[in-house]
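So this one's upload-v8.cif, mmCIF, N, CA and C atoms:
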```
data_run
loop_
_atom_site.label_atom_id
_atom_site.label_comp_id
_atom_site.auth_asym_id
_atom_site.auth_seq_id
_atom_site.Cartn_x
_atom_site.Cartn_y
_atom_site.Cartn_z
N MET A 1 115.97 93.55 92.86
CA MET A 1 114.67 92.89 92.86
C MET A 1 113.86 93.36 94.06
N LYS A 2 112.60 93.55 93.83
CA LYS A 2 111.68 93.91 94.91
C LYS A 2 111.01 92.64 95.44
N GLU A 3 110.57 92.69 96.68
CA GLU A 3 109.88 91.55 97.28
C GLU A 3 108.43 91.91 97.52
N GLY A 4 107.56 90.91 97.41
CA GLY A 4 106.15 91.18 97.61
C GLY A 4 105.35 89.91 97.73
N THR A 5 104.03 90.10 97.62
CA THR A 5 103.07 89.01 97.75
C THR A 5 102.06 89.13 96.62
N VAL A 6 101.60 87.99 96.12
CA VAL A 6 100.55 88.00 95.10
C VAL A 6 99.23 88.28 95.81
N LYS A 7 98.62 89.41 95.47
CA LYS A 7 97.35 89.78 96.10
C LYS A 7 96.19 89.08 95.40
N PHE A 8 96.26 89.00 94.06
CA PHE A 8 95.18 88.44 93.25
C PHE A 8 95.79 88.02 91.92
N PHE A 9 95.39 86.86 91.41
CA PHE A 9 95.80 86.48 90.06
C PHE A 9 94.74 85.60 89.44
N ASN A 10 94.27 86.00 88.26
CA ASN A 10 93.25 85.27 87.53
C ASN A 10 93.94 84.53 86.39
N GLU A 11 94.10 83.21 86.56
CA GLU A 11 94.80 82.42 85.53
C GLU A 11 94.06 82.43 84.21
N THR A 12 92.74 82.43 84.25
CA THR A 12 91.94 82.41 83.03
C THR A 12 92.18 83.66 82.20
N LYS A 13 92.19 84.82 82.85
CA LYS A 13 92.37 86.08 82.14
C LYS A 13 93.85 86.46 82.00
N GLY A 14 94.72 85.84 82.80
CA GLY A 14 96.15 86.06 82.63
C GLY A 14 96.69 87.33 83.25
N PHE A 15 96.04 87.82 84.29
CA PHE A 15 96.57 89.02 84.95
C PHE A 15 96.18 89.03 86.42
N GLY A 16 96.81 89.94 87.14
CA GLY A 16 96.49 90.09 88.55
C GLY A 16 97.24 91.27 89.14
N PHE A 17 97.39 91.25 90.47
CA PHE A 17 98.06 92.33 91.17
C PHE A 17 98.97 91.77 92.24
N VAL A 18 100.11 92.44 92.41
CA VAL A 18 101.05 92.07 93.47
C VAL A 18 101.23 93.27 94.38
N LYS A 19 101.59 93.00 95.62
CA LYS A 19 101.78 94.06 96.60
C LYS A 19 103.22 94.03 97.09
N GLU A 20 103.92 95.15 96.96
CA GLU A 20 105.30 95.24 97.40
C GLU A 20 105.35 95.28 98.92
N THR A 21 106.23 94.48 99.51
CA THR A 21 106.31 94.37 100.96
C THR A 21 106.73 95.69 101.61
N SER A 22 107.79 96.31 101.11
CA SER A 22 108.36 97.48 101.78
C SER A 22 107.48 98.72 101.70
N SER A 23 106.84 98.96 100.57
CA SER A 23 106.07 100.19 100.39
C SER A 23 104.56 100.00 100.51
N GLY A 24 104.09 98.75 100.35
CA GLY A 24 102.65 98.52 100.34
C GLY A 24 102.00 98.88 99.02
N GLN A 25 102.81 99.32 98.04
CA GLN A 25 102.28 99.67 96.72
C GLN A 25 101.80 98.42 96.01
N GLU A 26 100.75 98.59 95.20
CA GLU A 26 100.24 97.48 94.40
C GLU A 26 100.55 97.73 92.94
N TYR A 27 100.91 96.65 92.24
CA TYR A 27 101.28 96.75 90.83
C TYR A 27 100.55 95.69 90.02
N PHE A 28 100.20 96.07 88.80
CA PHE A 28 99.58 95.16 87.84
C PHE A 28 100.61 94.14 87.38
N VAL A 29 100.19 92.90 87.20
CA VAL A 29 101.07 91.88 86.63
C VAL A 29 100.30 91.13 85.54
N HIS A 30 100.96 90.93 84.40
CA HIS A 30 100.38 90.20 83.28
C HIS A 30 101.12 88.88 83.14
N VAL A 31 100.44 87.88 82.63
CA VAL A 31 101.05 86.55 82.47
C VAL A 31 102.36 86.62 81.68
N SER A 32 102.50 87.58 80.79
CA SER A 32 103.73 87.72 80.01
C SER A 32 104.92 88.15 80.87
N GLY A 33 104.64 88.67 82.07
CA GLY A 33 105.71 89.11 82.97
C GLY A 33 106.12 88.06 83.98
N LEU A 34 105.56 86.85 83.87
CA LEU A 34 105.85 85.80 84.84
C LEU A 34 107.02 84.94 84.39
N VAL A 35 107.87 84.57 85.35
CA VAL A 35 108.90 83.57 85.13
C VAL A 35 108.39 82.24 85.67
N ASP A 36 107.80 82.28 86.87
CA ASP A 36 107.20 81.10 87.51
C ASP A 36 105.68 81.25 87.54
N GLN A 37 104.98 80.14 87.67
CA GLN A 37 103.53 80.22 87.90
C GLN A 37 103.31 80.76 89.29
N ILE A 38 102.32 81.63 89.45
CA ILE A 38 102.04 82.21 90.76
C ILE A 38 100.59 81.95 91.16
N ARG A 39 100.38 81.97 92.48
CA ARG A 39 99.04 81.85 93.04
C ARG A 39 98.88 82.91 94.11
N GLU A 40 97.64 83.21 94.46
CA GLU A 40 97.39 84.20 95.50
C GLU A 40 98.13 83.83 96.78
N ASN A 41 98.68 84.83 97.44
CA ASN A 41 99.43 84.74 98.70
C ASN A 41 100.83 84.17 98.55
N ASP A 42 101.29 83.87 97.32
CA ASP A 42 102.68 83.45 97.15
C ASP A 42 103.62 84.62 97.48
N SER A 43 104.75 84.33 98.11
CA SER A 43 105.82 85.32 98.27
C SER A 43 106.61 85.33 96.97
N ILE A 44 106.89 86.53 96.48
CA ILE A 44 107.52 86.66 95.16
C ILE A 44 108.63 87.71 95.19
N THR A 45 109.46 87.67 94.14
CA THR A 45 110.37 88.76 93.83
C THR A 45 110.00 89.24 92.43
N PHE A 46 110.22 90.53 92.17
CA PHE A 46 109.86 91.08 90.87
C PHE A 46 110.62 92.37 90.60
N GLU A 47 110.54 92.80 89.35
CA GLU A 47 111.09 94.08 88.93
C GLU A 47 109.94 94.91 88.39
N LEU A 48 110.16 96.20 88.24
CA LEU A 48 109.12 97.09 87.71
C LEU A 48 109.53 97.60 86.34
N LYS A 49 108.52 97.71 85.46
CA LYS A 49 108.74 98.23 84.11
C LYS A 49 107.56 99.12 83.77
N GLU A 50 107.85 100.24 83.12
CA GLU A 50 106.79 101.16 82.73
C GLU A 50 105.90 100.51 81.67
N GLY A 51 104.60 100.52 81.92
CA GLY A 51 103.64 99.98 80.96
C GLY A 51 102.74 101.07 80.44
N LYS A 52 101.70 100.69 79.72
CA LYS A 52 100.78 101.68 79.14
C LYS A 52 100.05 102.48 80.21
N LYS A 53 99.76 101.83 81.35
CA LYS A 53 98.97 102.50 82.39
C LYS A 53 99.73 102.62 83.71
N GLY A 54 101.06 102.74 83.63
CA GLY A 54 101.85 102.86 84.85
C GLY A 54 102.82 101.70 84.99
N LEU A 55 103.35 101.55 86.19
CA LEU A 55 104.35 100.52 86.44
C LEU A 55 103.72 99.13 86.51
N ASN A 56 104.36 98.17 85.87
CA ASN A 56 103.93 96.77 85.89
C ASN A 56 105.01 95.92 86.53
N ALA A 57 104.60 94.86 87.23
CA ALA A 57 105.55 93.89 87.76
C ALA A 57 105.96 92.95 86.64
N VAL A 58 107.27 92.77 86.48
CA VAL A 58 107.82 91.85 85.46
C VAL A 58 108.89 90.98 86.11
N ASN A 59 109.32 89.95 85.40
CA ASN A 59 110.30 89.00 85.93
C ASN A 59 109.87 88.47 87.28
N VAL A 60 108.57 88.15 87.37
CA VAL A 60 107.99 87.70 88.64
C VAL A 60 108.37 86.25 88.89
N ARG A 61 108.99 86.01 90.04
CA ARG A 61 109.43 84.66 90.44
C ARG A 61 108.93 84.37 91.84
N VAL A 62 108.64 83.10 92.09
CA VAL A 62 108.27 82.68 93.45
C VAL A 62 109.54 82.73 94.29
N ALA A 63 109.46 83.36 95.46
CA ALA A 63 110.63 83.48 96.34
C ALA A 63 110.93 82.13 96.99
N ASN A 64 112.20 81.83 97.14
CA ASN A 64 112.61 80.56 97.78
C ASN A 64 112.59 80.70 99.28
#
```
Let me see the file written as structure tokens.
Amino acid sequence: MKEGTVKFFNETKGFGFVKETSSGQEYFVHVSGLVDQIRENDSITFELKEGKKGLNAVNVRVAN
């Protein structure tokens, strides 16, 4: 699992972006890839999966 922070998430549209802590890379996240509800600045863990336009964050969970 990778660790990161929610940079932006639009609940109405169901998508946003997360930033990986170690690399600083940003990844797209869709509501379908969420395990927990997320908000901006939440600390999270996630996995990456190849999507139509590159890597997407999936299995996104709020870090304990």
Legend entry - Distance criterion (all atoms listed in the file): nearest to Lys7 in chain A out of A:Ser22, A:Asn41, A:Asn56, A:Ser32: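 Closest to Lys7 in chain A, using all atoms listed in the file: A:Asn41.
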Inset, instruction - Write out as a PyMOL selection string each polymer residue whose atoms come within 7 Å of Glu3 in chain A, counting only N, CA and C atoms; drop sequence neighbours fewer than 4 positions from it. - result: chain A and resi 19-22+43-46
Legend entry - Residue contacts of Leu55 in chain A (8 Å, only N, CA and C atoms) excluding same-chain residues fewer than 5 positions away, as number ranges by chain: A: 26-29, 47-50
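For the structure in this document, the set picked by the PyMOL selection byres (((chain A and resi 37 and name CA) around 10) and name CA) is Glu11, Val31, Leu34, Val35, Asp36, Ile38, Arg39, Asp42, Val60, Arg61 and Val62 of chain A.
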Legend entry - d(atom N of Lys13 in chain A, atom N of Glu40 in chain A) in Å: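 So the two atoms, atom N of Lys13 in chain A and atom N of Glu40 in chain A, lie 12.9 Å apart.
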